[in-house]
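Enquirer: Before I ask anything, let me first share the structure, which is written out below as structure tokens.
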Amino acid sequence: MSVSNVKIQIVTGDSRPIFKQIVDGVRMEIATGGLPVGTKLPSVRGLAMQLMINANTVAKAYNELTAQGLVEPRQGLGLFVSEPRQLLSEEEQQKRLKSAVDNLVNEVAYLDFGSEEILREVQKALTKLDGAPGTDDRD
Amino acid sequence: MQNCIETNDLTKRFGKKLALKDFTLTIEQGGIHAIVGSNGAGKSTLFRLLLGVSTPTSGTARLLGADCRTLQPEIRGRVGYVNEEHTLPLWMKAKEITAHQRAFYPKWNQKTFESVIGYFDVDQNQKVAGLSRGERAGLNLSMALAQSPDLLILDEPTLGLDVVARQSFLEALMFTETEANTTIIYCSHQMEEIERVADRLIIMERGELKNNSSPDDFVERVSYWVAEIPSGLPDKGKIPGYLNARDIEGQCHILVADQGNDFGDFLKKNGATAVARNPVNLERAVNAFLTKNHSAPDSRA
């Protein structure tokens with residue numbers, strides 16, 4: 001029996017609204033295997049109390065995660081991390097990939113690493129990601 | 001559904017000063033509505049008019065469906081009010097005040113009272129004079145929520161509270177299970193609190209309503225631009241949605257309301273050689289609105 005522990009932090013004063021921080025945080029936890037498929041998320045009220053925020057903000061984030069297909073409601077039981085499936089259009093995926101790559105390039109441009117080293121690190125991180133769901137390499 | 005608060009062209013004049021000007025605001029039942037405004041923006045005047053202790057110069061105000069000029073005890077009994085001073089009779093014991101209040105409110109919920117007071121360390125046999133500010137705030141909030149009010153007005157309730165008391169106050173406010181669908185009006189200058197608690201953000205400035213939306217939608221309204229303009233910033237009056245601008249090391253930092261990405265083109269057309277758009281957080285967005293008409297050190301006066 002796993003405890004549904006969402007290891008996310010929110011910060012006030014950020015330019016990302018709190019609901020967006022929750023969406024990003026949960027998405028990251030799912031992607032890195034911190035929340036494996038089938039894990040139950042805390043209740044809206046539970047996560048609101050954990051983060052000390054208005055429950056409606058959590059509800060908004062949960063709606064967004066549901067709309068993105070990352071979690072799914074089970075009647076009367078709450079929200080569960082769903083099997084990964086793609087809801088975004090090809091075009092939208094291209095757009096997000098480009099924006100992610102731009103961010104990465106922007107961050108590494110001033111570091112003293114060559115392309116090869118950077119690619120190797122990215123490759124390493126991606127390999128970890130591929131193997132993450134369902135494996136126990138984090139616990 | 002009936003609106004909790006409804007004002008229409010509400011105006012209040014004190015001599016030459018307009019405290020509220022054609023103020024039209026609708027607040028639906030339920031949720032936490034934060035009201036932000038500089039000192040003198042008209043918040044207290046608005047509350048006084050809503051509670052019927054002051055009469056408007058013109059316009060109308062309705063509270064829980066009733067005209068604020070002729071509020072009956074039945075309506076007043078459905079409204080709770082907590083102010084920043086947490087004024088309570090100093091010579092009474094906590095339990096005496098509680099008994100006293102309980103007698104006034106037919107919908108008093110003892111369970112709610114106990115669960116809220118549980119967040120605070122209040123000795124019921126202690127006299128109010130011996131309670132700390134945080135404990136008084138807690139006692140006040142417990143009594144206000146126990147009344148099961150339809151409307152609860154909190155006027156800067158966490159002012160002067162330490163971190164522990166402040167945290168207890170917010171927790172008790174947000175997470176106490178009550179049966180009532182209480183509409184909460186929350187006045188505060190603490191952006192951090194507002195970001196955590198508010199469903200809606202109402203901004204008042206100089207007696208006028210400037211915003212009534214979710215905090216997230218409000219932040220979307222404001223954009224922050226940094227521009228290199230060798231010829232200097234165009235006349236403020238000509239900048240669409242102008243809120244404020246500062247000169248930092250030769251670059252113009254401009255905050256504007258309700259402008260899209262084409263604002264960058266506007267700047268370029270007006271002599272900007274380089275333009276960048278920065279993200280904005282809630283505090284900066286609110287401050288930009290509140291400082292709009294206030295003078296700031298600025299070489300271009």
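Letters A, B, ... go to the chains of the structure tokens in the order shown; residues in each chain start at 1; ligands are counted from 1 in the same order.
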For chain B versus chain A, which residues have an atom no more than 7 Å away, and what is each residue's nearest atom pair and distance in Å rounded to one decimal, using only C-alpha atoms, chain-then-number order, as JSON lines?
Expert:
{"residue": "B:Glu171", "atom": "CA", "partner": "A:Met52", "partner_atom": "CA", "distance": 6.9}
{"residue": "B:Met174", "atom": "CA", "partner": "A:Asn54", "partner_atom": "CA", "distance": 6.5}
{"residue": "B:Glu192", "atom": "CA", "partner": "A:Thr12", "partner_atom": "CA", "distance": 5.7}
{"residue": "B:Glu195", "atom": "CA", "partner": "A:Thr12", "partner_atom": "CA", "distance": 6.7}
{"residue": "B:Arg196", "atom": "CA", "partner": "A:Ile53", "partner_atom": "CA", "distance": 4.5}
{"residue": "B:Val197", "atom": "CA", "partner": "A:Asn54", "partner_atom": "CA", "distance": 4.8}
{"residue": "B:Ala198", "atom": "CA", "partner": "A:Asn54", "partner_atom": "CA", "distance": 7.0}
{"residue": "B:Asp216", "atom": "CA", "partner": "A:Pro17", "partner_atom": "CA", "distance": 6.2}
{"residue": "B:Pro279", "atom": "CA", "partner": "A:Ser15", "partner_atom": "CA", "distance": 5.9}
{"residue": "B:Val280", "atom": "CA", "partner": "A:Ser15", "partner_atom": "CA", "distance": 5.2}
{"residue": "B:Asn281", "atom": "CA", "partner": "A:Ser15", "partner_atom": "CA", "distance": 4.0}
{"residue": "B:Leu282", "atom": "CA", "partner": "A:Gly13", "partner_atom": "CA", "distance": 6.5}
{"residue": "B:Glu283", "atom": "CA", "partner": "A:Gly13", "partner_atom": "CA", "distance": 6.6}
Enquirer: Let's have the selection written as a compact mmCIF listing (two decimals), in the first residue's frame, with C-alpha atoms.
Expert:
# COMPACT_ATOMS: atom_id res chain seq x y z
CA GLU B 171 -5.84 27.41 8.23
CA MET B 174 -9.88 27.91 4.86
CA GLU B 192 1.26 36.23 -0.20
CA GLU B 195 -2.36 34.42 -3.53
CA ARG B 196 -3.04 31.52 -1.18
CA VAL B 197 -6.63 32.23 -0.19
CA ALA B 198 -8.44 34.29 -2.79
CA ASP B 216 -4.80 34.52 -12.22
CA PRO B 279 6.82 37.75 -16.67
CA VAL B 280 4.81 39.44 -13.90
CA ASN B 281 3.78 38.12 -10.50
CA LEU B 282 0.66 39.03 -8.55
CA GLU B 283 2.37 41.51 -6.26
Enquirer: Near B:Ile97, within 9 Å and counting only C-alpha atoms, which residues show up once chain neighbours fewer than 6 positions away are dropped, as a list in words?
Expert: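 Within the cut-off, the hits are Leu88, Pro89 and Val128 of chain B.
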Enquirer: Could you work out how far atom CA of B:Met143 lies from atom CA of B:Glu114, giving the answer in Å with one decimal?
Expert: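 Interatomic distance here is 9.5 Å.
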Enquirer: Between B:His189, B:Lys292, B:Lys269, B:Arg102, single out the one closest to B:Lys236, counting only C-alpha atoms.
Expert: B:Lys292
Enquirer: Quick one: pick out all strand (DSSP E) residues within stretch 11-45 of chain B from a backbone DSSP run and write them as a PyMOL selection string.
Expert: chain B and resi 11-14+17-27+32-37
Enquirer: Write out as a list of chain:residue names each polymer residue whose atoms come within 7 Å of B:Ala257, counting only C-alpha atoms; drop sequence neighbours fewer than 3 positions from it.
Expert: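 Close residues of B:Ala257: B:Arg221, B:Val222, B:Ser223, B:Gly241, B:Tyr242, B:Leu243.
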Enquirer: Distance atom CA of A:Pro84-atom CA of A:Leu70, one decimal place?
Expert: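 Between atom CA of A:Pro84 and atom CA of A:Leu70 the gap is 6.7 Å.
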Enquirer: Write out as a list in words which residues come within 10 Å of B:Gly130 when counting only C-alpha atoms, dropping same-chain ones fewer than 5 positions away.
Expert: Leu90, Trp91, Lys93, Ala94, Asp123, Glu135 and Arg136 of chain B
Enquirer: Report as a count of residues only all protein, DNA and RNA residues lying within 12 Å of stretch 69-75 of chain B, evaluated on only C-alpha atoms, omitting residues in the same chain fewer than 3 positions from it.
Expert: 30
Enquirer: Report as a PyMOL selection string: the residues of chain A with a DSSP assignment of alpha helix (DSSP H), based on the backbone of this structure.
Expert: chain A and resi 18-31+44-51+55-67+90-108+115-131
